[in-house]
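Asks: my_file.csv is reproduced in full below (CSV, C-alpha atoms).
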```
chain,number,residue,atom,x,y,z
A,1,MET,CA,42.0,-10.7,7.9
A,2,SER,CA,43.8,-13.9,6.7
A,3,LYS,CA,43.4,-15.0,3.1
A,4,SER,CA,41.8,-18.3,4.1
A,5,GLU,CA,38.8,-16.5,5.7
A,6,LYS,CA,35.7,-16.1,3.6
A,7,THR,CA,34.9,-12.4,2.9
A,8,LEU,CA,31.8,-10.6,2.3
A,9,HIS,CA,31.8,-7.6,-0.1
A,10,VAL,CA,29.4,-5.2,1.5
A,11,SER,CA,28.1,-2.0,-0.2
A,12,VAL,CA,26.9,0.4,2.4
A,13,TRP,CA,25.0,3.7,1.7
A,14,ARG,CA,27.0,6.7,2.9
A,15,GLY,CA,26.0,10.3,3.0
A,16,GLU,CA,23.9,12.9,4.7
A,17,GLY,CA,20.4,13.8,3.5
A,18,PRO,CA,19.4,13.1,-0.1
A,19,GLN,CA,23.1,13.1,-1.2
A,20,GLY,CA,25.2,10.0,-1.0
A,21,ARG,CA,26.7,6.9,-2.6
A,22,PHE,CA,27.5,3.3,-1.9
A,23,GLU,CA,30.9,2.5,-0.3
A,24,THR,CA,32.2,-1.0,-0.4
A,25,PHE,CA,33.7,-2.8,2.7
A,26,ARG,CA,35.3,-6.2,3.1
A,27,VAL,CA,33.8,-8.0,6.1
A,28,PRO,CA,34.8,-11.5,7.4
A,29,ARG,CA,32.0,-14.0,6.8
A,30,GLN,CA,30.8,-16.1,9.7
A,31,ASP,CA,28.6,-19.3,9.7
A,32,ASN,CA,26.0,-17.5,11.8
A,33,GLN,CA,25.9,-13.8,11.1
A,34,THR,CA,23.1,-11.3,10.8
A,35,VAL,CA,23.0,-8.2,8.6
A,36,LEU,CA,23.2,-6.1,11.8
A,37,ASP,CA,26.3,-8.0,12.8
A,38,VAL,CA,27.9,-7.0,9.4
A,39,VAL,CA,26.9,-3.3,9.9
A,40,SER,CA,28.2,-3.4,13.5
A,41,TRP,CA,31.5,-5.0,12.4
A,42,ILE,CA,32.1,-2.3,9.8
A,43,GLN,CA,31.4,0.5,12.4
A,44,GLN,CA,33.5,-1.2,15.1
A,45,ASN,CA,36.4,-2.3,13.0
A,46,THR,CA,36.6,-0.2,9.8
A,47,ASP,CA,34.7,3.1,10.0
A,48,PRO,CA,33.5,4.4,13.4
A,49,SER,CA,31.7,7.3,11.6
A,50,LEU,CA,29.1,4.9,10.1
A,51,SER,CA,25.7,5.9,11.4
A,52,TYR,CA,22.9,3.4,11.9
A,53,ARG,CA,20.2,2.6,14.4
A,54,TYR,CA,19.5,-0.4,16.6
A,55,ALA,CA,18.5,-1.2,20.2
A,56,CYS,CA,17.3,-4.7,21.3
A,57,ARG,CA,19.0,-7.0,18.7
A,58,VAL,CA,16.3,-9.6,19.1
A,59,GLY,CA,13.4,-8.4,16.9
A,60,MET,CA,11.5,-6.6,19.6
A,61,CYS,CA,12.1,-2.9,19.2
A,62,GLY,CA,11.7,-2.3,15.5
A,63,SER,CA,14.6,0.1,15.1
A,64,CYS,CA,17.1,-1.7,12.9
A,65,ALA,CA,15.2,-2.0,9.6
A,66,MET,CA,17.2,-1.3,6.5
A,67,MET,CA,17.1,-2.1,2.8
A,68,VAL,CA,19.2,-5.3,2.2
A,69,ASN,CA,19.9,-6.1,-1.5
A,70,GLY,CA,17.0,-3.8,-2.4
A,71,GLN,CA,14.4,-5.3,0.0
A,72,PRO,CA,13.3,-4.0,3.5
A,73,ARG,CA,14.5,-6.3,6.3
A,74,TRP,CA,14.8,-6.2,10.1
A,75,THR,CA,18.5,-6.6,10.1
A,76,CYS,CA,18.9,-8.1,13.6
A,77,ARG,CA,16.9,-11.2,12.6
A,78,THR,CA,18.0,-11.5,9.0
A,79,HIS,CA,20.8,-13.9,8.5
A,80,VAL,CA,23.4,-13.0,5.8
A,81,SER,CA,23.1,-16.6,4.4
A,82,ARG,CA,19.4,-16.0,3.6
A,83,VAL,CA,19.9,-12.7,1.7
A,84,ALA,CA,23.4,-12.5,0.4
A,85,ASP,CA,23.9,-12.6,-3.4
A,86,GLY,CA,26.9,-14.9,-3.4
A,87,ASP,CA,29.4,-13.0,-1.3
A,88,ARG,CA,27.8,-9.6,-2.0
A,89,LEU,CA,25.5,-7.6,0.2
A,90,GLN,CA,24.1,-4.1,-0.4
A,91,ILE,CA,22.8,-2.3,2.6
A,92,GLY,CA,20.9,1.0,2.3
A,93,PRO,CA,18.6,3.2,4.4
A,94,LEU,CA,14.9,2.4,4.5
A,95,ARG,CA,13.0,3.4,1.4
A,96,ASN,CA,10.2,6.0,1.5
A,97,LEU,CA,11.7,7.9,4.5
A,98,PRO,CA,14.2,10.9,4.5
A,99,VAL,CA,17.8,9.9,5.2
A,100,ILE,CA,19.4,11.6,8.2
A,101,LYS,CA,22.9,10.0,7.7
A,102,ASP,CA,24.1,6.8,6.2
A,103,LEU,CA,21.7,4.1,7.3
A,104,ALA,CA,19.7,6.1,9.8
A,105,VAL,CA,16.4,7.5,8.5
A,106,ASP,CA,14.0,10.1,10.0
A,107,MET,CA,11.0,8.1,11.3
A,108,ASP,CA,8.9,11.2,12.0
A,109,PRO,CA,6.8,11.0,8.8
A,110,PHE,CA,6.0,7.4,9.6
A,111,PHE,CA,4.8,8.1,13.2
A,112,GLU,CA,3.1,11.4,12.2
A,113,LYS,CA,0.9,9.2,9.8
A,114,TRP,CA,0.3,6.8,12.7
A,115,ILE,CA,-1.2,9.7,14.7
A,116,LYS,CA,-3.1,11.0,11.7
A,117,ALA,CA,-4.7,7.6,11.2
A,118,GLY,CA,-6.0,7.8,14.8
A,119,GLY,CA,-3.4,5.5,16.2
A,120,ALA,CA,-3.9,6.7,19.8
A,121,HIS,CA,-6.2,4.7,22.0
A,122,ARG,CA,-9.4,6.7,22.9
A,123,PRO,CA,-11.0,4.7,25.7
A,124,SER,CA,-14.7,4.6,26.4
A,125,ARG,CA,-14.2,4.5,30.2
A,126,SER,CA,-12.1,6.4,32.6
A,127,ARG,CA,-9.7,4.8,35.0
A,128,THR,CA,-12.2,5.2,37.9
A,129,GLU,CA,-14.7,3.0,36.2
A,130,PRO,CA,-14.6,-0.8,36.4
A,131,ILE,CA,-12.7,-2.5,33.6
A,132,MET,CA,-14.9,-3.6,30.7
A,133,PRO,CA,-14.8,-7.4,30.4
A,134,VAL,CA,-13.7,-8.4,26.9
A,135,SER,CA,-14.1,-12.0,25.7
A,136,PRO,CA,-11.1,-13.3,23.8
A,137,GLN,CA,-13.5,-15.1,21.5
A,138,GLU,CA,-15.4,-11.9,20.6
A,139,PRO,CA,-15.1,-11.6,16.8
A,140,GLY,CA,-13.9,-7.9,17.0
A,141,ARG,CA,-11.3,-8.9,19.6
A,142,VAL,CA,-10.1,-11.8,17.4
A,143,GLU,CA,-9.6,-9.4,14.5
A,144,ALA,CA,-7.9,-6.8,16.6
A,145,ASN,CA,-5.5,-9.3,18.1
A,146,LYS,CA,-4.1,-10.1,14.6
A,147,ALA,CA,-2.2,-6.9,14.5
A,148,ILE,CA,-1.1,-6.1,18.1
A,149,GLU,CA,2.4,-7.6,17.6
A,150,CYS,CA,3.3,-4.7,15.2
A,151,ILE,CA,6.7,-3.3,16.4
A,152,ASN,CA,6.7,-0.2,14.2
A,153,CYS,CA,9.8,-1.2,12.3
A,154,ALA,CA,8.4,0.5,9.1
A,155,VAL,CA,9.4,-2.4,6.9
A,156,CYS,CA,5.9,-2.5,5.4
A,157,TYR,CA,6.1,1.3,4.9
A,158,ALA,CA,9.4,0.9,3.0
A,159,ALA,CA,8.0,-2.0,0.9
A,160,CYS,CA,4.9,-0.1,-0.1
A,161,ASP,CA,4.9,1.2,-3.7
A,162,THR,CA,1.8,3.3,-3.1
A,163,VAL,CA,3.7,5.3,-0.4
A,164,ALA,CA,6.5,5.7,-3.0
A,165,GLY,CA,4.1,7.1,-5.5
A,166,ASN,CA,1.9,9.0,-3.1
A,167,PRO,CA,3.7,10.5,-0.1
A,168,ASP,CA,0.4,11.6,1.5
A,169,TYR,CA,-0.7,7.9,1.8
A,170,LEU,CA,-0.9,6.9,5.4
A,171,GLY,CA,0.7,3.5,4.7
A,172,PRO,CA,0.2,0.0,5.9
A,173,ALA,CA,1.3,0.2,9.5
A,174,ALA,CA,-0.9,3.2,10.4
A,175,LEU,CA,-3.9,1.8,8.6
A,176,GLN,CA,-3.5,-1.6,10.2
A,177,ARG,CA,-3.5,0.2,13.6
A,178,ALA,CA,-6.7,2.0,12.6
A,179,TRP,CA,-8.3,-1.4,11.7
A,180,THR,CA,-7.3,-2.7,15.1
A,181,LEU,CA,-8.8,0.2,16.9
A,182,TYR,CA,-12.0,0.0,14.8
A,183,ASN,CA,-12.4,-3.6,16.0
A,184,ASP,CA,-11.6,-2.8,19.6
A,185,VAL,CA,-14.8,-2.9,21.6
A,186,LYS,CA,-13.2,-0.7,24.3
A,187,ILE,CA,-12.8,2.4,22.1
A,188,ASP,CA,-15.3,5.1,22.3
A,189,ASP,CA,-16.2,6.1,18.8
A,190,ARG,CA,-15.6,3.4,16.1
A,191,GLN,CA,-17.1,5.6,13.3
A,192,ALA,CA,-14.5,8.4,14.2
A,193,ALA,CA,-11.7,5.7,13.8
A,194,LEU,CA,-13.1,4.8,10.4
A,195,ASP,CA,-13.4,8.5,9.4
A,196,ARG,CA,-9.8,9.1,10.1
A,197,ALA,CA,-8.8,6.0,8.2
A,198,THR,CA,-10.7,7.2,5.1
A,199,ALA,CA,-9.8,10.9,5.2
A,200,ALA,CA,-7.2,12.2,2.7
A,201,GLY,CA,-4.4,9.7,2.2
A,202,GLY,CA,-6.5,6.9,3.7
A,203,CYS,CA,-7.2,3.3,3.0
A,204,GLN,CA,-8.9,4.0,-0.3
A,205,ASN,CA,-5.6,4.9,-1.9
A,206,CYS,CA,-4.2,1.3,-1.4
A,207,HIS,CA,-3.7,-0.6,-4.6
A,208,SER,CA,-3.6,-4.0,-2.8
A,209,GLN,CA,-0.2,-4.9,-4.2
A,210,GLY,CA,0.5,-6.7,-0.9
A,211,SER,CA,4.2,-5.9,-0.4
A,212,CYS,CA,3.4,-5.0,3.2
A,213,THR,CA,2.1,-8.5,4.0
A,214,ARG,CA,4.9,-10.1,2.1
A,215,PHE,CA,7.7,-8.3,3.9
A,216,CYS,CA,6.3,-7.9,7.4
A,217,PRO,CA,8.9,-9.6,9.6
A,218,ASN,CA,6.3,-10.5,12.3
A,219,GLU,CA,4.2,-12.1,9.6
A,220,LEU,CA,1.3,-9.7,10.2
A,221,ASP,CA,-1.2,-9.0,7.4
A,222,PRO,CA,-1.7,-5.3,6.8
A,223,LEU,CA,-3.1,-6.0,3.4
A,224,SER,CA,-6.1,-7.8,4.9
A,225,ALA,CA,-6.5,-5.1,7.6
A,226,ILE,CA,-6.7,-2.4,4.9
A,227,ALA,CA,-9.2,-4.6,2.9
A,228,GLY,CA,-11.3,-4.8,6.1
A,229,LEU,CA,-11.2,-1.0,6.4
A,230,LYS,CA,-12.2,-0.6,2.7
A,231,ARG,CA,-15.2,-2.9,3.3
A,232,ALA,CA,-16.2,-1.1,6.4
A,233,ALA,CA,-15.8,2.3,4.7
A,234,ALA,CA,-18.0,1.2,1.7
A,235,ALA,CA,-20.7,0.0,4.1
A,236,SER,CA,-20.5,3.2,6.0
A,237,TYR,CA,-20.7,5.2,2.8
A,238,PHE,CA,-24.0,3.6,1.8
A,239,LYS,CA,-25.3,3.8,5.3
A,240,ARG,CA,-24.7,7.6,5.4
A,241,ARG,CA,-26.3,8.1,2.0
A,242,SER,CA,-29.4,6.3,3.1
A,243,GLU,CA,-29.8,8.3,6.4
B,1,MET,CA,-4.9,11.4,-3.7
B,2,GLN,CA,-8.3,9.6,-3.9
B,3,SER,CA,-11.4,10.7,-1.9
B,4,MET,CA,-14.0,8.2,-0.8
B,5,GLY,CA,-16.3,9.6,-3.4
B,6,PHE,CA,-13.9,8.7,-6.3
B,7,TYR,CA,-13.1,5.4,-4.6
B,8,MET,CA,-16.8,4.4,-4.5
B,9,ALA,CA,-17.5,5.7,-8.0
B,10,GLN,CA,-14.6,3.5,-9.4
B,11,ARG,CA,-15.8,0.4,-7.5
B,12,LEU,CA,-19.4,0.8,-8.5
B,13,SER,CA,-18.6,1.5,-12.1
B,14,ALA,CA,-16.4,-1.7,-12.1
B,15,MET,CA,-19.4,-3.7,-10.8
B,16,VAL,CA,-21.5,-2.4,-13.7
B,17,MET,CA,-18.7,-3.1,-16.2
B,18,ALA,CA,-18.0,-6.7,-15.2
B,19,PRO,CA,-21.2,-8.3,-16.6
B,20,LEU,CA,-21.2,-5.9,-19.6
B,21,VAL,CA,-17.7,-7.0,-20.5
B,22,LEU,CA,-18.7,-10.6,-20.4
B,23,GLY,CA,-21.8,-9.8,-22.5
B,24,HIS,CA,-19.6,-7.9,-25.0
B,25,ILE,CA,-17.2,-10.8,-25.4
B,26,ALA,CA,-20.2,-13.2,-25.9
B,27,VAL,CA,-21.6,-10.9,-28.6
B,28,MET,CA,-18.2,-10.7,-30.4
B,29,ILE,CA,-17.8,-14.5,-30.4
B,30,TYR,CA,-21.4,-14.9,-31.6
B,31,ALA,CA,-21.0,-12.3,-34.4
B,32,ILE,CA,-17.7,-13.8,-35.6
B,33,GLN,CA,-18.8,-17.4,-35.4
B,34,GLY,CA,-22.1,-16.7,-37.1
B,35,GLY,CA,-20.3,-14.8,-39.8
B,36,LEU,CA,-22.5,-11.7,-39.5
B,37,SER,CA,-21.7,-9.0,-42.0
B,38,THR,CA,-21.6,-5.3,-41.0
B,39,ALA,CA,-25.0,-4.8,-42.6
B,40,GLU,CA,-26.5,-7.7,-40.6
B,41,ILE,CA,-25.1,-6.4,-37.4
B,42,LEU,CA,-26.4,-2.9,-38.0
B,43,GLU,CA,-29.8,-4.4,-38.9
B,44,ARG,CA,-30.0,-5.9,-35.5
B,45,THR,CA,-28.7,-2.9,-33.5
B,46,ARG,CA,-30.3,0.1,-35.2
B,47,GLY,CA,-33.5,1.2,-33.5
B,48,SER,CA,-32.9,-1.3,-30.6
B,49,LEU,CA,-33.5,0.2,-27.2
B,50,SER,CA,-31.8,-2.9,-25.6
B,51,TRP,CA,-28.5,-2.5,-27.5
B,52,PHE,CA,-28.6,1.2,-26.8
B,53,ALA,CA,-29.1,0.6,-23.0
B,54,PHE,CA,-26.4,-2.2,-23.1
B,55,TYR,CA,-23.6,-0.2,-24.8
B,56,GLY,CA,-24.8,3.1,-23.5
B,57,SER,CA,-24.4,2.0,-19.8
B,58,PHE,CA,-21.1,0.4,-20.8
B,59,VAL,CA,-19.8,3.8,-22.1
B,60,VAL,CA,-20.9,5.6,-19.0
B,61,ALA,CA,-19.3,3.1,-16.7
B,62,VAL,CA,-16.1,3.0,-18.7
B,63,SER,CA,-15.9,6.8,-18.8
B,64,ILE,CA,-16.2,7.1,-15.0
B,65,HIS,CA,-13.9,4.1,-14.3
B,66,ALA,CA,-11.1,5.0,-16.7
B,67,ALA,CA,-11.1,8.7,-15.7
B,68,ILE,CA,-10.6,7.8,-12.0
B,69,GLY,CA,-8.0,5.2,-12.8
B,70,LEU,CA,-6.0,7.6,-15.0
B,71,ARG,CA,-6.4,10.2,-12.2
B,72,MET,CA,-4.6,7.9,-9.8
B,73,ILE,CA,-1.8,7.3,-12.4
B,74,ALA,CA,-1.5,11.0,-13.1
B,75,THR,CA,-1.2,11.9,-9.4
B,76,GLU,CA,1.2,9.1,-8.4
B,77,THR,CA,3.4,9.0,-11.6
B,78,LEU,CA,3.1,12.5,-13.0
B,79,LYS,CA,2.6,14.2,-9.6
B,80,LEU,CA,-0.4,16.2,-10.8
B,81,ARG,CA,-2.3,17.8,-8.0
B,82,GLY,CA,-5.2,20.3,-7.3
B,83,ALA,CA,-7.0,22.0,-10.1
B,84,ALA,CA,-4.8,20.5,-12.8
B,85,LEU,CA,-5.7,17.0,-11.6
B,86,ASP,CA,-9.4,17.7,-11.4
B,87,LEU,CA,-9.3,19.2,-14.9
B,88,PHE,CA,-7.4,16.2,-16.2
B,89,THR,CA,-10.0,13.8,-14.7
B,90,TRP,CA,-13.0,15.6,-16.1
B,91,ALA,CA,-11.4,16.1,-19.5
B,92,VAL,CA,-10.7,12.3,-19.8
B,93,MET,CA,-14.3,11.5,-18.6
B,94,ILE,CA,-15.9,14.0,-21.1
B,95,VAL,CA,-13.7,12.8,-24.0
B,96,LEU,CA,-14.5,9.1,-23.4
B,97,LEU,CA,-18.2,9.9,-22.9
B,98,PHE,CA,-18.3,11.9,-26.1
B,99,MET,CA,-16.5,9.3,-28.2
B,100,GLY,CA,-18.5,6.4,-26.7
B,101,ALA,CA,-21.8,8.2,-27.1
B,102,ARG,CA,-20.9,8.9,-30.8
B,103,ALA,CA,-20.1,5.2,-31.4
B,104,VAL,CA,-23.2,4.0,-29.6
B,105,SER,CA,-25.5,6.4,-31.4
B,106,ALA,CA,-24.0,5.4,-34.8
B,107,VAL,CA,-24.9,1.7,-34.3
B,108,THR,CA,-28.2,2.0,-32.5
B,109,MET,CA,-29.9,5.2,-33.9
B,110,LEU,CA,-32.0,4.8,-37.0
```
In structure tokens, how does this file's structure come out?

Replies:
Amino acid sequence: MSKSEKTLHVSVWRGEGPQGRFETFRVPRQDNQTVLDVVSWIQQNTDPSLSYRYACRVGMCGSCAMMVNGQPRWTCRTHVSRVADGDRLQIGPLRNLPVIKDLAVDMDPFFEKWIKAGGAHRPSRSRTEPIMPVSPQEPGRVEANKAIECINCAVCYAACDTVAGNPDYLGPAALQRAWTLYNDVKIDDRQAALDRATAAGGCQNCHSQGSCTRFCPNELDPLSAIAGLKRAAAASYFKRRSE
Amino acid sequence: MQSMGFYMAQRLSAMVMAPLVLGHIAVMIYAIQGGLSTAEILERTRGSLSWFAFYGSFVVAVSIHAAIGLRMIATETLKLRGAALDLFTWAVMIVLLFMGARAVSAVTML
């Protein structure tokens, strides 16, 4: 690296499991450079033992999310120029998930909650029956469409202070998925979808702080989805009492 | 962890509290601007079923709302769980209810 080149001072979390510390690397700065480029440069040029996760590099797969200067980001689509503090960058593993090694976290708790919230599609018809026509203008479909671009990157989960304080809370992504299914006319039992979303750790634990919506890289709105679940749950609560 | 029962109780108690808080602020402004003395205030509140109902329902709503709110803080910040968490919730509710009932009875009972 010549002295005329601009240099980034990058602190990267190193360690296995809960133990670790930040280690600083010097990385050449480019005009167009993503945070994932920086991590890859370190792994390819300085320390091959650096562990991190990525796949598509174009914001499709949701596997490269990390904490960048304390905030969750999809690193493949986050330009250094947007997030660097001068020439300094701090890169850590996603918050609220157990660290496997360095920047790679164990995503199991995130996906287990997805399943617990009823994330699997439970169709009302079998494949031998004709396909149910669904109008794109149908209000439930319009609501469901708002969240179908979720890529499971867990940025919202890492941003959520309620998850940090209450590890049993299902989190924004799983609950947004539950709201999508609740509004999907093709699912079999909408009440069952709502019951799963309001069981222990459900939508009623959300404090509406809105970090999920603020940080979602796909500009989705889990906060409004959870608010929708709360409204539906309250209506269902009164309905059941009156029956 | 919050169940739907606690969630609904907290929302409903908030709905009760909202107009009562506004009423309480209006009463305070009226009492101060009118320059009412303690004796004059007590003269109006003692034996009044309306003031008993107003502040009595306020105390009940506050006791429920605050106990559930503190329950959430206790579980998320202090990591209280299970029986200890339930005991904490009910203790807060009973203490607030007792203190509030004592205050309301002091100003509305003859």

Asks: Out of B:Thr45, B:Ser37, B:Ser63, B:Gln10, which residue has the shortest atom-to-atom distance to B:Val95 when counting only C-alpha atoms?

Replies: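 So, comparing all the options, the nearest one is B:Ser63.
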
Asks: So, counting only C-alpha atoms, which residue among B:Leu110, B:Ile25, B:Ile64, B:Val104 is closest to B:Val92?

Replies: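 Among the listed residues, B:Ile64 lies closest to B:Val92.
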
Asks: Sort by chain and increasing residue number a table of all residues of chain B within 7 Å of chain A, each with its closest pair of atoms and their distance in Å to one decimal, counting all atoms listed in the file, and write it as JSON lines.

Replies:
```
{"residue": "B:Met1", "atom": "CA", "partner": "A:Gly201", "partner_atom": "CA", "distance": 6.2}
{"residue": "B:Gln2", "atom": "CA", "partner": "A:Asn205", "partner_atom": "CA", "distance": 5.8}
{"residue": "B:Ser3", "atom": "CA", "partner": "A:Ala200", "partner_atom": "CA", "distance": 6.4}
{"residue": "B:Met4", "atom": "CA", "partner": "A:Gln204", "partner_atom": "CA", "distance": 6.6}
{"residue": "B:Tyr7", "atom": "CA", "partner": "A:Gln204", "partner_atom": "CA", "distance": 6.2}
{"residue": "B:Glu76", "atom": "CA", "partner": "A:Gly165", "partner_atom": "CA", "distance": 4.6}
{"residue": "B:Thr77", "atom": "CA", "partner": "A:Gly165", "partner_atom": "CA", "distance": 6.4}
```

Asks: Need the shell around stretch 57-66 of chain A: protein/DNA/RNA residues with any atom at most 12 Å away, counting all atoms listed in the file. Skip same-chain ones fewer than 4 positions apart. Format as a short mmCIF file (atom, residue, chain, number, x, y, z; two decimals) with C-alpha atoms, in the frame of the given file?

Replies:
```cif
data_model
loop_
_atom_site.label_atom_id
_atom_site.label_comp_id
_atom_site.auth_asym_id
_atom_site.auth_seq_id
_atom_site.Cartn_x
_atom_site.Cartn_y
_atom_site.Cartn_z
CA VAL A 12 26.90 0.40 2.40
CA TRP A 13 25.00 3.70 1.70
CA THR A 34 23.10 -11.30 10.80
CA VAL A 35 23.00 -8.20 8.60
CA LEU A 36 23.20 -6.10 11.80
CA ASP A 37 26.30 -8.00 12.80
CA VAL A 39 26.90 -3.30 9.90
CA SER A 40 28.20 -3.40 13.50
CA SER A 51 25.70 5.90 11.40
CA TYR A 52 22.90 3.40 11.90
CA ARG A 53 20.20 2.60 14.40
CA GLY A 70 17.00 -3.80 -2.40
CA GLN A 71 14.40 -5.30 0.00
CA PRO A 72 13.30 -4.00 3.50
CA ARG A 73 14.50 -6.30 6.30
CA TRP A 74 14.80 -6.20 10.10
CA THR A 75 18.50 -6.60 10.10
CA CYS A 76 18.90 -8.10 13.60
CA ARG A 77 16.90 -11.20 12.60
CA THR A 78 18.00 -11.50 9.00
CA GLN A 90 24.10 -4.10 -0.40
CA ILE A 91 22.80 -2.30 2.60
CA GLY A 92 20.90 1.00 2.30
CA PRO A 93 18.60 3.20 4.40
CA LEU A 94 14.90 2.40 4.50
CA ARG A 95 13.00 3.40 1.40
CA ASN A 96 10.20 6.00 1.50
CA LEU A 97 11.70 7.90 4.50
CA VAL A 99 17.80 9.90 5.20
CA ASP A 102 24.10 6.80 6.20
CA LEU A 103 21.70 4.10 7.30
CA ALA A 104 19.70 6.10 9.80
CA VAL A 105 16.40 7.50 8.50
CA ASP A 106 14.00 10.10 10.00
CA MET A 107 11.00 8.10 11.30
CA GLU A 149 2.40 -7.60 17.60
CA CYS A 150 3.30 -4.70 15.20
CA ILE A 151 6.70 -3.30 16.40
CA ASN A 152 6.70 -0.20 14.20
CA CYS A 153 9.80 -1.20 12.30
CA ALA A 154 8.40 0.50 9.10
CA VAL A 155 9.40 -2.40 6.90
CA CYS A 156 5.90 -2.50 5.40
CA TYR A 157 6.10 1.30 4.90
CA ALA A 158 9.40 0.90 3.00
CA ALA A 159 8.00 -2.00 0.90
CA PHE A 215 7.70 -8.30 3.90
CA CYS A 216 6.30 -7.90 7.40
CA PRO A 217 8.90 -9.60 9.60
CA ASN A 218 6.30 -10.50 12.30
#
```

Asks: In Å, rounded to a single decimal, give me how far atom CA of A:Pro172 is from atom CA of B:Leu87.

Replies: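 Rounded to one decimal, the two atoms are 29.9 Å apart.
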
Asks: Quick one: of A:Glu243, A:Lys113, A:Val10, A:Arg21, who's nearest to A:Ala84, counting only C-alpha atoms?

Replies: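 Answer, going by the shortest atom-to-atom distance: A:Val10.
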
Asks: Which one is closest to A:Glu143: A:Val68, A:Asp221, A:His79, A:Lys101? Count only C-alpha atoms.

Replies: A:Asp221

Asks: So the first atom is atom CA of A:Thr180 and the second is atom CA of A:Val142; what is the distance between them in Å, to one decimal place?

Replies: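 Taking atom CA of A:Thr180 as the start and atom CA of A:Val142 as the end point, the length is 9.8 Å.
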
Asks: Set the distance at 7 Å and use only C-alpha atoms: which residues neighbour A:Ile226 once local chain neighbours fewer than 3 positions away are removed? I'd like the list as a list in words.

Replies: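 With the cut-off at 7 Å, the set is Leu175, Gln176, Cys203, Pro222, Leu223, Leu229 and Lys230 of chain A.
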
Asks: Would you kindly return, as a list in words, each protein, DNA or RNA residue with an atom no farther than 12 Å from any atom of A:Ser135, considering all atoms listed in the file and excluding same-chain residues fewer than 2 positions away?

Replies: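 Residues meeting the cut-off are Met132, Pro133, Gln137, Glu138, Pro139, Gly140, Arg141, Val142, Asn145, Asp184, Val185 and Lys186 of chain A.
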
Asks: What's the separation between atom CA of A:Tyr54 and atom CA of A:Glu16, in Å to one decimal place?

Replies: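 Those two atoms sit 18.4 Å apart.
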
Asks: Given all atoms listed in the file as the basis, pick out the residue of B:Phe54, B:Leu42, B:Ala9, B:Gln33 nearest to B:Val21.

Replies: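 Ranking B:Phe54, B:Leu42, B:Ala9, B:Gln33 by distance to B:Val21, first place goes to B:Phe54.
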
Asks: Do you know which residues are at most 9 Å from stretch 96-103 of chain B counting all atoms listed in the file, after dropping those on the same chain fewer than 3 positions away, and could you put them as a PyMOL selection string?

Replies: chain B and resi 55-56+58-60+62-64+66-67+91-93+106-108

Asks: Do a neighbour search on A:Gly119 at 10 Å with all atoms listed in the file, toss out local chain neighbours closer than 5 positions, and write the hits as an NGL selection string.

Replies: :A and (111-114 or 173-181 or 193 or 196-197)

Asks: Could you pull stretch 132-150 of chain A out of the block above and save it with C-alpha atoms, as an mmCIF file, in the first residue's frame?

Replies:
```cif
data_model
loop_
_atom_site.group_PDB
_atom_site.id
_atom_site.type_symbol
_atom_site.label_atom_id
_atom_site.label_comp_id
_atom_site.auth_asym_id
_atom_site.auth_seq_id
_atom_site.Cartn_x
_atom_site.Cartn_y
_atom_site.Cartn_z
ATOM 1 C CA MET A 132 -57.949 -20.018 -6.330
ATOM 2 C CA PRO A 133 -58.198 -16.755 -8.274
ATOM 3 C CA VAL A 134 -56.890 -13.833 -6.182
ATOM 4 C CA SER A 135 -57.485 -10.266 -7.274
ATOM 5 C CA PRO A 136 -54.377 -8.068 -6.916
ATOM 6 C CA GLN A 137 -56.729 -5.295 -5.776
ATOM 7 C CA GLU A 138 -58.256 -7.343 -2.945
ATOM 8 C CA PRO A 139 -57.464 -5.390 0.296
ATOM 9 C CA GLY A 140 -55.964 -8.417 2.076
ATOM 10 C CA ARG A 141 -53.728 -9.148 -0.907
ATOM 11 C CA VAL A 142 -52.603 -5.506 -1.053
ATOM 12 C CA GLU A 143 -51.654 -5.707 2.640
ATOM 13 C CA ALA A 144 -49.922 -9.080 2.218
ATOM 14 C CA ASN A 145 -47.932 -7.819 -0.787
ATOM 15 C CA LYS A 146 -46.259 -5.138 1.330
ATOM 16 C CA ALA A 147 -44.026 -7.652 3.081
ATOM 17 C CA ILE A 148 -43.289 -10.322 0.490
ATOM 18 C CA GLU A 149 -39.918 -8.792 -0.435
ATOM 19 C CA CYS A 150 -38.447 -9.734 2.959
#
```
